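Undergrad: Next comes the structure file protein-v3.cif, holding mmCIF, C-alpha atoms.
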data_query
#
loop_
_atom_site.label_atom_id
_atom_site.label_comp_id
_atom_site.auth_asym_id
_atom_site.auth_seq_id
_atom_site.Cartn_x
_atom_site.Cartn_y
_atom_site.Cartn_z
CA MET A 160 13.09 7.89 26.18
CA CYS A 161 13.22 11.20 24.32
CA PHE A 162 11.92 13.06 27.40
CA GLN A 163 14.50 11.40 29.65
CA LEU A 164 17.28 12.24 27.16
CA ASN A 165 16.20 15.90 27.09
CA GLN A 166 16.28 16.01 30.90
CA ASN A 167 19.85 14.60 30.92
CA TRP A 168 20.99 17.17 28.39
CA TYR A 169 19.38 19.95 30.36
CA GLY A 170 21.03 18.86 33.60
CA THR A 171 24.42 18.46 31.93
CA LEU A 172 24.15 21.92 30.38
CA ILE A 173 23.30 23.49 33.77
CA ARG A 174 26.24 21.75 35.43
CA HIS A 175 28.66 22.85 32.72
CA MET A 176 27.48 26.46 32.92
CA LEU A 177 27.77 26.50 36.73
CA MET A 178 31.26 25.05 36.55
CA LEU A 179 32.23 27.62 33.92
CA VAL A 180 30.87 30.52 35.98
CA ALA A 181 32.57 29.19 39.12
CA ALA A 182 35.93 28.91 37.31
CA ALA A 183 35.52 32.44 35.89
CA LEU A 184 34.68 33.85 39.35
CA LEU A 185 37.70 32.07 40.86
CA ALA A 186 39.97 33.53 38.17
CA GLY A 187 38.39 36.95 38.77
CA LEU A 188 39.06 36.61 42.50
CA ILE A 189 42.71 35.94 41.83
CA SER A 190 43.14 38.63 39.16
CA ASN A 191 40.56 41.01 40.53
CA GLN A 192 39.05 41.17 36.94
CA TYR A 193 35.66 39.54 37.33
CA GLY A 194 34.12 40.96 34.14
CA TRP A 195 36.99 40.07 31.85
CA CYS A 196 37.37 36.59 33.27
CA LEU A 197 33.66 35.91 32.85
CA ALA A 198 33.69 37.27 29.26
CA ILE A 199 36.79 35.24 28.32
CA ALA A 200 35.27 32.08 29.81
CA LEU A 201 32.00 32.55 27.92
CA GLY A 202 33.92 33.28 24.71
CA LEU A 203 36.00 30.13 25.08
CA TYR A 204 32.85 28.10 25.70
CA LEU A 205 31.18 29.65 22.68
CA ALA A 206 34.24 28.89 20.52
CA TRP A 207 34.27 25.29 21.72
CA THR A 208 30.56 24.96 21.00
CA LEU A 209 31.01 26.38 17.48
CA LYS A 210 33.86 23.92 16.90
CA GLN A 211 31.61 21.01 17.85
CA LEU A 212 28.88 22.37 15.56
CA LEU A 213 31.37 22.55 12.70
CA ARG A 214 32.45 18.95 13.40
CA LEU A 215 28.82 17.83 13.30
CA HIS A 216 28.15 19.79 10.09
CA ASP A 217 31.27 18.36 8.46
CA TRP A 218 30.24 14.81 9.39
CA LEU A 219 26.67 15.27 8.15
CA SER A 220 27.86 16.66 4.80
CA ARG A 221 30.78 14.28 4.18
CA HIS A 222 30.12 11.03 6.02
CA LYS A 223 29.72 7.77 4.12
CA ALA A 224 26.97 5.23 4.68
CA ASP A 225 27.07 3.69 8.17
CA GLU A 226 30.11 5.84 9.18
CA PRO A 227 29.82 6.61 12.93
CA PRO A 228 29.73 10.24 14.17
CA PRO A 229 32.91 11.84 15.58
CA ASP A 230 33.93 11.33 19.20
CA GLY A 231 33.20 13.97 21.78
CA TYR A 232 32.87 14.63 25.49
CA GLY A 233 30.56 16.52 27.71
CA LEU A 234 27.27 17.69 26.28
CA TRP A 235 28.41 17.19 22.70
CA GLY A 236 29.63 13.73 23.55
CA GLU A 237 26.08 12.84 24.56
CA VAL A 238 24.78 14.38 21.33
CA PHE A 239 27.18 12.30 19.23
CA ASP A 240 26.36 9.17 21.26
CA SER A 241 22.63 9.72 20.71
CA ILE A 242 23.21 10.12 16.95
CA TYR A 243 25.28 6.93 16.99
CA HIS A 244 22.51 4.95 18.75
CA LEU A 245 19.90 6.28 16.31
CA GLN A 246 22.17 5.33 13.43
CA ARG A 247 22.58 1.79 14.79
CA ARG A 248 18.82 1.43 15.26
CA ASP A 249 18.23 2.66 11.73
CA GLN A 250 20.76 0.11 10.44
CA ARG A 251 18.91 -2.70 12.21
CA VAL A 252 15.55 -1.55 10.81
CA ARG A 253 17.00 -1.24 7.31
CA GLY A 254 18.53 -4.68 7.66
CA ARG A 255 15.16 -6.21 8.55
CA LEU A 256 13.45 -4.39 5.70
CA GLN A 257 16.16 -5.48 3.27
CA ALA A 258 15.72 -9.08 4.44
CA VAL A 259 11.99 -8.84 3.74
CA ILE A 260 12.65 -7.30 0.30
CA ASP A 261 15.20 -10.00 -0.53
CA ARG A 262 12.75 -12.71 0.49
CA VAL A 263 9.97 -11.18 -1.63
CA GLN A 264 12.32 -10.88 -4.61
CA GLU A 265 13.47 -14.49 -4.19
CA SER A 266 9.88 -15.74 -4.04
CA THR A 267 8.78 -13.70 -7.07
CA ALA A 268 11.90 -14.79 -8.97
CA ALA A 269 10.80 -18.39 -8.47
CA LEU A 270 7.39 -17.71 -10.04
CA ARG A 271 6.68 -18.93 -13.56
CA ASP A 272 4.42 -15.93 -14.06
CA ALA A 273 5.95 -12.53 -14.76
CA VAL A 274 5.50 -9.71 -12.24
CA ILE A 275 6.20 -6.17 -13.47
CA MET A 276 5.92 -2.94 -11.47
CA LEU A 277 5.14 0.24 -13.43
CA ASP A 278 4.93 3.82 -12.26
CA SER A 279 1.91 6.07 -12.88
CA GLU A 280 3.25 6.93 -16.36
CA GLY A 281 3.69 3.28 -17.38
CA ASN A 282 7.50 3.23 -17.02
CA LEU A 283 9.24 0.07 -15.87
CA GLU A 284 10.39 0.09 -12.25
CA TRP A 285 11.02 -3.57 -11.39
CA TRP A 286 10.38 -7.06 -12.78
CA ASN A 287 11.23 -10.68 -11.99
CA ARG A 288 13.14 -13.20 -14.11
CA ALA A 289 10.01 -14.62 -15.75
CA ALA A 290 9.36 -11.19 -17.32
CA GLU A 291 12.65 -11.50 -19.19
CA THR A 292 11.45 -14.80 -20.71
CA LEU A 293 7.85 -13.86 -21.47
CA LEU A 294 8.33 -10.20 -22.48
CA GLY A 295 12.03 -10.04 -23.36
CA LEU A 296 12.86 -7.38 -20.75
CA LYS A 297 16.57 -6.78 -20.15
CA THR A 298 18.20 -5.78 -16.88
CA PRO A 299 19.20 -3.01 -16.26
CA GLN A 300 18.96 -1.18 -19.59
CA ASP A 301 15.15 -1.38 -19.81
CA SER A 302 14.61 0.17 -16.38
CA GLY A 303 12.68 3.43 -16.67
CA GLN A 304 11.54 2.69 -20.23
CA PRO A 305 7.82 2.97 -21.13
CA VAL A 306 6.33 -0.51 -21.24
CA SER A 307 4.55 0.32 -24.53
CA ASN A 308 7.97 0.76 -26.18
CA LEU A 309 8.88 -2.83 -25.33
CA VAL A 310 5.48 -4.51 -25.79
CA ARG A 311 4.54 -3.08 -29.17
CA HIS A 312 1.40 -5.07 -29.95
CA PRO A 313 -1.37 -2.58 -30.95
CA ARG A 314 -3.95 -4.31 -28.76
CA PHE A 315 -1.72 -3.91 -25.69
CA LYS A 316 -1.19 -0.22 -26.35
CA GLU A 317 -4.94 0.30 -26.69
CA TYR A 318 -5.60 -1.84 -23.59
CA PHE A 319 -3.09 0.09 -21.47
CA GLU A 320 -4.22 3.56 -22.59
CA GLN A 321 -7.94 2.88 -22.08
CA GLY A 322 -7.33 2.10 -18.41
CA ASN A 323 -10.13 -0.49 -18.19
CA TYR A 324 -8.42 -3.54 -16.72
CA ALA A 325 -11.48 -5.53 -15.66
CA ASP A 326 -10.69 -8.28 -18.19
CA PRO A 327 -7.25 -9.72 -19.02
CA LEU A 328 -5.65 -9.29 -22.45
CA GLU A 329 -4.27 -12.17 -24.50
CA ILE A 330 -1.62 -11.45 -27.16
CA PRO A 331 1.41 -13.18 -28.73
CA SER A 332 4.63 -12.92 -26.76
CA PRO A 333 7.10 -10.26 -28.02
CA THR A 334 9.86 -12.88 -27.81
CA ASN A 335 8.06 -15.72 -29.64
CA ASP A 336 5.03 -15.46 -31.93
CA ARG A 337 4.09 -19.07 -31.14
CA MET A 338 3.77 -18.29 -27.43
CA ARG A 339 0.52 -16.76 -26.16
CA ILE A 340 0.59 -14.64 -23.01
CA GLN A 341 -2.18 -13.25 -20.85
CA LEU A 342 -1.73 -9.85 -19.20
CA LEU A 343 -3.66 -8.52 -16.22
CA ILE A 344 -3.03 -5.03 -14.83
CA THR A 345 -3.98 -3.82 -11.35
CA ARG A 346 -3.69 -0.26 -10.06
CA TYR A 347 -2.27 0.36 -6.60
CA GLY A 348 -0.67 3.09 -4.51
CA ASN A 349 -0.33 6.46 -6.25
CA ASN A 350 -1.90 5.29 -9.54
CA GLU A 351 0.97 2.85 -10.08
CA HIS A 352 0.49 -0.39 -12.00
CA LEU A 353 1.20 -4.01 -11.19
CA MET A 354 1.20 -6.18 -14.31
CA LEU A 355 0.97 -9.97 -14.14
CA VAL A 356 1.85 -12.01 -17.24
CA ARG A 357 1.34 -15.75 -17.64
CA ASP A 358 2.00 -18.24 -20.41
CA VAL A 359 -1.36 -19.51 -21.75
CA THR A 360 0.00 -21.19 -24.89
CA ARG A 361 -1.37 -24.60 -23.92
CA ILE A 362 -4.80 -23.21 -23.09
CA HIS A 363 -4.79 -21.25 -26.36
CA GLN A 364 -3.89 -24.38 -28.32
CA LEU A 365 -6.72 -26.35 -26.70
CA GLU A 366 -9.15 -23.50 -27.41
CA GLN A 367 -7.94 -23.36 -31.00
CA MET A 368 -8.43 -27.13 -31.34
CA ARG A 369 -11.98 -26.73 -30.09
CA LYS A 370 -12.67 -23.92 -32.55
CA ASP A 371 -11.18 -25.89 -35.44
CA PHE A 372 -13.16 -28.98 -34.48
CA VAL A 373 -16.47 -27.07 -34.35
CA ALA A 374 -15.73 -25.25 -37.61
CA ASN A 375 -14.66 -28.42 -39.46
CA VAL A 376 -17.57 -30.51 -38.21
CA SER A 377 -20.03 -27.74 -39.05
CA HIS A 378 -18.57 -27.41 -42.52
CA GLU A 379 -18.61 -31.14 -43.14
CA LEU A 380 -22.21 -31.50 -41.94
CA ARG A 381 -23.41 -28.67 -44.12
CA THR A 382 -23.26 -30.59 -47.41
CA PRO A 383 -25.08 -33.79 -46.32
CA LEU A 384 -27.67 -31.72 -44.44
CA THR A 385 -28.28 -29.61 -47.53
CA VAL A 386 -28.86 -32.77 -49.59
CA ILE A 387 -31.26 -34.23 -47.02
CA PHE A 388 -33.08 -30.92 -46.65
CA GLY A 389 -33.38 -30.63 -50.44
CA TYR A 390 -34.94 -34.08 -50.81
CA LEU A 391 -37.38 -33.30 -47.98
CA GLU A 392 -38.47 -30.13 -49.77
CA THR A 393 -38.95 -32.14 -52.98
CA LEU A 394 -41.10 -34.71 -51.19
CA LEU A 395 -43.20 -31.99 -49.52
CA ASP A 396 -43.68 -30.23 -52.87
CA ASN A 397 -45.20 -33.49 -54.15
CA VAL A 398 -47.02 -34.36 -50.95
CA GLU A 399 -50.11 -35.60 -52.82
CA GLU A 400 -48.03 -38.49 -54.17
CA VAL A 401 -46.75 -39.44 -50.71
CA ASN A 402 -48.46 -41.87 -48.35
CA PRO A 403 -50.55 -39.70 -45.96
CA ARG A 404 -49.03 -41.52 -43.00
CA TRP A 405 -45.65 -39.94 -43.86
CA VAL A 406 -46.76 -36.34 -44.34
CA ARG A 407 -46.50 -35.30 -40.68
CA ALA A 408 -43.16 -37.04 -40.32
CA LEU A 409 -41.82 -35.28 -43.40
CA GLN A 410 -43.03 -31.92 -42.10
CA GLN A 411 -41.34 -32.44 -38.73
CA MET A 412 -38.14 -33.60 -40.42
CA HIS A 413 -38.24 -30.51 -42.64
CA GLN A 414 -38.75 -28.26 -39.58
CA GLN A 415 -35.90 -29.83 -37.61
CA GLY A 416 -33.68 -29.82 -40.68
CA GLY A 417 -34.22 -26.08 -40.94
CA ARG A 418 -33.22 -25.66 -37.30
CA MET A 419 -30.09 -27.72 -37.92
CA GLN A 420 -29.16 -25.55 -40.88
CA THR A 421 -29.64 -22.42 -38.76
CA LEU A 422 -27.47 -23.92 -36.04
CA LEU A 423 -24.69 -24.81 -38.50
CA ASN A 424 -24.81 -21.32 -40.01
CA ASP A 425 -24.48 -19.77 -36.54
CA LEU A 426 -21.57 -22.08 -35.66
CA LEU A 427 -19.76 -21.22 -38.90
CA LEU A 428 -20.36 -17.50 -38.27
CA LEU A 429 -18.93 -17.81 -34.76
CA ALA A 430 -15.89 -19.65 -36.10
CA LYS A 431 -15.36 -16.85 -38.62
CA LEU A 432 -15.71 -14.17 -35.94
CA GLU A 433 -13.18 -15.93 -33.69
CA ALA A 434 -10.62 -16.32 -36.47
CA THR A 435 -9.46 -12.67 -36.35
CA ASP A 436 -9.54 -9.80 -33.87
CA TYR A 437 -10.89 -7.08 -36.15
CA PRO A 438 -13.15 -7.06 -39.24
CA SER A 439 -11.32 -7.20 -42.56
CA ASP A 440 -13.96 -5.11 -44.39
CA SER A 441 -14.03 -2.14 -42.02
CA HIS A 442 -15.71 0.95 -43.49
CA PRO A 443 -18.20 3.70 -42.42
CA ILE A 444 -21.70 2.39 -41.74
CA GLU A 445 -24.88 4.46 -41.64
CA VAL A 446 -26.41 2.95 -38.53
CA GLY A 447 -29.70 4.80 -38.99
CA MET A 448 -30.43 3.20 -42.38
CA LEU A 449 -29.31 -0.20 -41.05
CA LEU A 450 -31.69 0.01 -38.07
CA LYS A 451 -34.57 1.11 -40.27
CA THR A 452 -34.10 -1.97 -42.43
CA ILE A 453 -33.92 -4.27 -39.40
CA LYS A 454 -37.01 -2.60 -37.93
CA GLY A 455 -38.94 -3.46 -41.11
CA ASP A 456 -37.80 -7.09 -40.85
CA ALA A 457 -38.84 -7.12 -37.19
CA ARG A 458 -42.35 -5.94 -38.12
CA ALA A 459 -42.60 -8.79 -40.61
CA LEU A 460 -41.41 -11.25 -37.95
CA SER A 461 -43.92 -9.86 -35.46
CA ALA A 462 -46.71 -10.70 -37.94
CA ASN A 463 -50.07 -10.74 -36.14
CA LYS A 464 -48.72 -10.18 -32.59
CA ASN A 465 -49.63 -6.49 -32.94
CA GLN A 466 -46.49 -5.31 -31.17
CA GLN A 467 -45.48 -1.65 -31.04
CA ILE A 468 -41.97 -1.32 -32.48
CA SER A 469 -40.48 2.20 -32.28
CA LEU A 470 -37.11 3.57 -33.40
CA ASP A 471 -35.42 6.78 -32.16
CA LEU A 472 -32.36 8.01 -34.03
CA ASP A 473 -30.88 10.72 -31.79
CA SER A 474 -27.59 10.91 -33.67
CA ASP A 475 -26.40 10.60 -37.27
CA VAL A 476 -22.90 9.46 -36.22
CA GLN A 477 -21.55 6.54 -38.22
CA LEU A 478 -19.76 3.42 -37.03
CA LYS A 479 -16.51 2.07 -38.43
CA GLY A 480 -16.69 -1.66 -38.96
CA SER A 481 -18.32 -4.50 -40.88
CA GLU A 482 -21.93 -3.89 -41.93
CA THR A 483 -22.59 -7.63 -42.29
CA GLU A 484 -21.41 -8.38 -38.76
CA LEU A 485 -23.22 -5.43 -37.18
CA ARG A 486 -26.42 -6.32 -39.05
CA SER A 487 -26.18 -9.83 -37.58
CA ALA A 488 -25.62 -8.51 -34.04
CA PHE A 489 -28.36 -5.86 -34.14
CA SER A 490 -30.80 -8.28 -35.79
CA ASN A 491 -30.20 -10.86 -33.06
CA LEU A 492 -31.00 -8.35 -30.32
CA ILE A 493 -34.10 -6.91 -32.03
CA PHE A 494 -35.48 -10.26 -33.23
CA ASN A 495 -34.99 -11.73 -29.73
CA ALA A 496 -37.05 -8.86 -28.37
CA VAL A 497 -39.82 -9.70 -30.86
CA LYS A 498 -39.71 -13.42 -30.00
CA TYR A 499 -39.83 -13.00 -26.23
CA THR A 500 -42.31 -10.11 -26.08
CA PRO A 501 -45.96 -11.20 -25.91
CA ALA A 502 -48.72 -9.89 -28.16
CA GLU A 503 -49.63 -6.21 -27.69
CA GLY A 504 -46.20 -5.63 -26.13
CA SER A 505 -43.81 -2.83 -26.98
CA ILE A 506 -40.22 -2.76 -28.29
CA HIS A 507 -38.20 0.46 -28.27
CA ILE A 508 -34.96 0.85 -30.26
CA ARG A 509 -32.72 3.87 -29.68
CA TRP A 510 -29.41 5.03 -31.18
CA TRP A 511 -27.55 7.95 -29.59
CA ALA A 512 -24.07 9.35 -28.96
CA ASP A 513 -22.37 11.21 -26.09
CA GLU A 514 -18.88 11.92 -24.73
CA GLN A 515 -18.21 8.22 -24.07
CA GLY A 516 -19.13 7.08 -27.59
CA ALA A 517 -22.23 5.72 -29.32
CA HIS A 518 -24.91 3.46 -27.91
CA LEU A 519 -27.71 1.22 -29.16
CA SER A 520 -30.44 0.12 -26.76
CA VAL A 521 -33.16 -2.45 -27.40
CA GLN A 522 -35.86 -2.34 -24.71
CA ASP A 523 -38.83 -4.69 -24.60
CA SER A 524 -41.80 -5.37 -22.33
CA GLY A 525 -41.29 -9.13 -22.47
CA ILE A 526 -41.12 -11.80 -19.82
CA GLY A 527 -37.75 -10.64 -18.46
CA ILE A 528 -34.80 -12.65 -17.17
CA GLU A 529 -33.79 -13.47 -13.60
CA THR A 530 -30.63 -11.75 -12.35
CA LYS A 531 -28.78 -15.04 -11.77
CA HIS A 532 -28.89 -15.80 -15.52
CA LEU A 533 -27.54 -12.45 -16.76
CA PRO A 534 -23.78 -13.16 -16.43
CA ARG A 535 -24.10 -16.33 -18.55
CA LEU A 536 -26.43 -15.13 -21.30
CA THR A 537 -23.60 -14.66 -23.83
CA GLU A 538 -22.26 -18.21 -23.35
CA ARG A 539 -22.72 -20.64 -26.22
CA PHE A 540 -25.88 -22.76 -25.97
CA TYR A 541 -26.84 -21.31 -22.59
CA ARG A 542 -30.61 -21.33 -22.21
CA VAL A 543 -32.62 -19.66 -19.48
CA ASP A 544 -35.55 -21.92 -20.29
CA SER A 545 -34.84 -24.74 -22.72
CA SER A 546 -38.49 -25.40 -23.47
CA ARG A 547 -39.14 -21.74 -24.26
CA ALA A 548 -36.01 -21.56 -26.42
CA SER A 549 -37.15 -24.64 -28.29
CA ASN A 550 -40.58 -23.17 -28.95
CA THR A 551 -39.11 -19.99 -30.34
CA GLY A 552 -36.63 -21.85 -32.52
CA GLY A 553 -33.50 -20.41 -30.91
CA THR A 554 -30.06 -22.04 -31.21
CA GLY A 555 -28.55 -20.58 -28.05
CA LEU A 556 -25.85 -18.85 -30.09
CA GLY A 557 -27.44 -15.47 -30.83
CA LEU A 558 -26.04 -13.53 -27.88
CA ALA A 559 -22.67 -15.27 -28.25
CA ILE A 560 -22.55 -13.89 -31.80
CA VAL A 561 -23.54 -10.44 -30.51
CA LYS A 562 -20.74 -10.55 -27.93
CA HIS A 563 -18.06 -11.51 -30.47
CA VAL A 564 -19.21 -8.91 -32.99
CA LEU A 565 -19.04 -6.20 -30.34
CA LEU A 566 -15.58 -7.35 -29.23
CA ARG A 567 -14.36 -7.09 -32.82
CA HIS A 568 -15.71 -3.52 -32.90
CA ARG A 569 -14.24 -2.62 -29.47
CA GLY A 570 -17.76 -2.58 -28.01
CA THR A 571 -19.38 -4.03 -24.91
CA LEU A 572 -22.82 -5.42 -24.13
CA GLU A 573 -24.81 -4.35 -21.07
CA ILE A 574 -27.87 -6.35 -20.03
CA ASN A 575 -30.53 -5.25 -17.54
CA SER A 576 -33.72 -7.19 -16.92
CA VAL A 577 -36.58 -7.47 -14.44
CA PRO A 578 -38.71 -10.65 -14.53
CA GLY A 579 -42.23 -9.86 -15.66
CA LYS A 580 -41.36 -6.31 -16.79
CA GLY A 581 -38.93 -6.72 -19.67
CA SER A 582 -35.27 -6.41 -20.61
CA VAL A 583 -32.85 -3.78 -21.93
CA PHE A 584 -29.85 -4.71 -24.07
CA ILE A 585 -27.37 -1.86 -24.62
CA CYS A 586 -24.41 -1.92 -27.02
CA HIS A 587 -21.66 0.57 -26.12
CA PHE A 588 -19.13 1.63 -28.78
CA PRO A 589 -16.08 3.76 -27.86
CA ALA A 590 -15.37 7.09 -29.52
CA ILE A 591 -12.50 5.56 -31.51
CA GLN A 592 -15.08 3.59 -33.56
CA LEU A 593 -17.16 6.63 -34.51
CA ILE A 594 -17.10 8.69 -37.71
CA ASN A 595 -18.92 12.00 -37.93
CA PRO A 596 -20.59 12.47 -41.34
#
Go ahead and render the structure in this file as structure tokens.
TA:
Amino acid sequence: MCFQLNQNWYGTLIRHMLMLVAAALLAGLISNQYGWCLAIALGLYLAWTLKQLLRLHDWLSRHKADEPPPDGYGLWGEVFDSIYHLQRRDQRVRGRLQAVIDRVQESTAALRDAVIMLDSEGNLEWWNRAAETLLGLKTPQDSGQPVSNLVRHPRFKEYFEQGNYADPLEIPSPTNDRMRIQLLITRYGNNEHLMLVRDVTRIHQLEQMRKDFVANVSHELRTPLTVIFGYLETLLDNVEEVNPRWVRALQQMHQQGGRMQTLLNDLLLLAKLEATDYPSDSHPIEVGMLLKTIKGDARALSANKNQQISLDLDSDVQLKGSETELRSAFSNLIFNAVKYTPAEGSIHIRWWADEQGAHLSVQDSGIGIETKHLPRLTERFYRVDSSRASNTGGTGLGLAIVKHVLLRHRGTLEINSVPGKGSVFICHFPAIQLINP
């Protein structure tokens, strides 16, 4: 179409020029002034062309939206008609696009979940009605504002600035402390952000009920179990006065009672870890001294298995957090390595720091874990092999405790394992948790 239009313009221009030259030659024949007539004709044509150019320039600089171009005739009439047709086609395209945008906005407005569009700097560009309810955004005064100025929870600010959006974030709603919201951010386009927010108050309440139930039951069972366990110890201390037929039964009851006490202690510790987001007794911790102490306990636990337990301290950087919680997490990882590594095996512990933060790795030459089990290892009571876990006296809560301790210290747990060759558990701590001595 463009080629055909150019051909029409070219033909029209040739015809106009021939007619102009013919008229000038006719006037020259009458007046016997061929040169002047031709010059005057070309000057008049040039003046007319400049006038049309000025009309076009004036329309381009002053016209309102959808205002048609000025009328014309001849070559410039075709130019103005072509502009008019392009304008009409553009109006139809914009109309279709606007219809699509209106439909998308209507559908997102009907969503119960909030949809917020942010630019690359985190400034608000667009949101639906649910965002006004869940986040308290106001139209239009909040447009262009940084989202961190309107959602002021410290965990959200840290979550947004870190840029790691693999997992959603759950915080109280800025409009209602009793409402819990879950935020998930996705990058798209030119490093822009799409934030989805949903109301998870009901799910949070059910989860809180579960936590309260486990904590209350564990607390209530602790006292009667302590009494029973105490009487069993008394009977075993005076085993010579007990009927021999009951000795084995008492020993098994004492062993299982000990396991029950360990399980209750782990459940109560988990309930305590889940109660708050961050440790209340945060202070600098000398990780090197802590690992040396745990290494000594691991040697005692290893007993006669003749395992090689080594410790490399490649950094003297300190961690900010709770020593009690970190001792529990590190002990779980190292003691698990001792339990699941056969005799004559090796266990290597390493602490180091780099640009990303600080890291603790516990590597063993144990039986290893199949890949399909790795994503679920930190779930409560998940067992790769229930019979093996029973023989080693595990509760199935150790790695769940490790996970929650690391979360409270802004850390993550990485697990790599090859069946028959061993496993590597790595704790990663961000630079914000480090203190240089």
Undergrad: Box time for range 275-281 of chain A: axis-aligned, enclosing all its listed atoms, 3 Å extra on each side; report centre and edge lengths in Å to one decimal, as JSON.
TA:
{"center_x": 4.1, "center_y": 0.4, "center_z": -14.4, "size_x": 10.3, "size_y": 19.1, "size_z": 11.9}
Undergrad: Of the candidates A:Phe388, A:Gln211, A:Thr500, A:Pro333, which shows the shortest atom-to-atom distance to Pro313 in chain A, using only C-alpha atoms?
TA: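 Of all the options, A:Pro333 lies closest to Pro313 in chain A.
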Undergrad: Quick one, how far is CA of Leu533 in chain A from CA of Ile574 in chain A?
TA: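 It comes out at 6.9 Å.
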Undergrad: Go through the shown structure with the PyMOL selection byres ((chain A and resi 512) around 12) and write out the matching residues as an NGL selection string.
TA: :A and (446 or 472-478 or 509-511 or 513-520 or 586-590 or 592-595)
Undergrad: List, as a PDB file with C-alpha atoms, in the coordinates of the input, every residue that the PyMOL selection byres ((chain A and resi 572) around 9) selects in the file provided.
TA:
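What follows is the written file result_22.pdb:
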ATOM      1  CA  VAL A 561     -23.540 -10.440 -30.510  1.00  0.00           C
ATOM      2  CA  LYS A 562     -20.740 -10.550 -27.930  1.00  0.00           C
ATOM      3  CA  LEU A 565     -19.040  -6.200 -30.340  1.00  0.00           C
ATOM      4  CA  GLY A 570     -17.760  -2.580 -28.010  1.00  0.00           C
ATOM      5  CA  THR A 571     -19.380  -4.030 -24.910  1.00  0.00           C
ATOM      6  CA  GLU A 573     -24.810  -4.350 -21.070  1.00  0.00           C
ATOM      7  CA  ILE A 574     -27.870  -6.350 -20.030  1.00  0.00           C
ATOM      8  CA  PHE A 584     -29.850  -4.710 -24.070  1.00  0.00           C
ATOM      9  CA  ILE A 585     -27.370  -1.860 -24.620  1.00  0.00           C
ATOM     10  CA  CYS A 586     -24.410  -1.920 -27.020  1.00  0.00           C
ATOM     11  CA  HIS A 587     -21.660   0.570 -26.120  1.00  0.00           C
TER      12      HIS A 587
END
Undergrad: Show me the residues close to (-30.5, -2.1, -33.1) - anything with an atom within 7 Å, counting only C-alpha atoms - and format the list as a list of chain:residue names.
TA: A:Leu450, A:Phe489, A:Ser490, A:Leu492, A:Ile493, A:Ile508, A:Leu519, A:Ser520, A:Val521
Undergrad: Exactly which residues make up the result of the PyMOL selection byres ((chain A and resi 270) around 10) on this file, given as a PDB file with C-alpha atoms, keeping the file's coordinate frame?
TA:
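Below you can see out.pdb, which holds the result:
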ATOM      1  CA  GLU A 265      13.470 -14.490  -4.190  1.00  0.00           C
ATOM      2  CA  SER A 266       9.880 -15.740  -4.040  1.00  0.00           C
ATOM      3  CA  THR A 267       8.780 -13.700  -7.070  1.00  0.00           C
ATOM      4  CA  ALA A 268      11.900 -14.790  -8.970  1.00  0.00           C
ATOM      5  CA  ALA A 269      10.800 -18.390  -8.470  1.00  0.00           C
ATOM      6  CA  ARG A 271       6.680 -18.930 -13.560  1.00  0.00           C
ATOM      7  CA  ASP A 272       4.420 -15.930 -14.060  1.00  0.00           C
ATOM      8  CA  ALA A 273       5.950 -12.530 -14.760  1.00  0.00           C
ATOM      9  CA  VAL A 274       5.500  -9.710 -12.240  1.00  0.00           C
ATOM     10  CA  ASN A 287      11.230 -10.680 -11.990  1.00  0.00           C
ATOM     11  CA  ARG A 288      13.140 -13.200 -14.110  1.00  0.00           C
ATOM     12  CA  ALA A 289      10.010 -14.620 -15.750  1.00  0.00           C
ATOM     13  CA  ALA A 290       9.360 -11.190 -17.320  1.00  0.00           C
ATOM     14  CA  ARG A 357       1.340 -15.750 -17.640  1.00  0.00           C
TER      15      ARG A 357
END
Undergrad: Within 12 Å of (15.7, -12.4, -26.3) in the file's own coordinates, which protein, DNA or RNA residues have an atom, counting all atoms listed in the file? List them as number ranges by chain.
TA: A: 290-298, 309, 332-335
Undergrad: I'd like the neighbourhood of range 226-228 of chain A as a ChimeraX atom specification, where a residue qualifies if any of its atoms comes within 7 Å (using only C-alpha atoms), though same-chain residues fewer than 4 positions away should be ignored.
TA: /A:218,222,239,243
Undergrad: To one decimal in Å, tell me the separation between CA of Gln264 in chain A and CA of Ala325 in chain A.
TA: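 Computing the Euclidean distance for CA of Gln264 in chain A and CA of Ala325 in chain A yields 26.8 Å.
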Undergrad: Counting only C-alpha atoms, which residue out of A:Ile189, A:Ala459, A:Ile591, A:Leu328 sits closest to Arg569 in chain A?
TA: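 That would be A:Ile591, the residue with the smallest distance to Arg569 in chain A.
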Undergrad: Check the smallest atom-to-atom distance from each of A:Ser220, A:Gln410, A:Ser279, A:Thr345 to Val398 in chain A using all atoms listed in the file, then report the winner.
TA: A:Gln410
Undergrad: What is the CA of Lys370 in chain A-CA of Gly480 in chain A distance in Å, reported with one decimal?
TA: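 Computing the Euclidean distance for CA of Lys370 in chain A and CA of Gly480 in chain A yields 23.5 Å.
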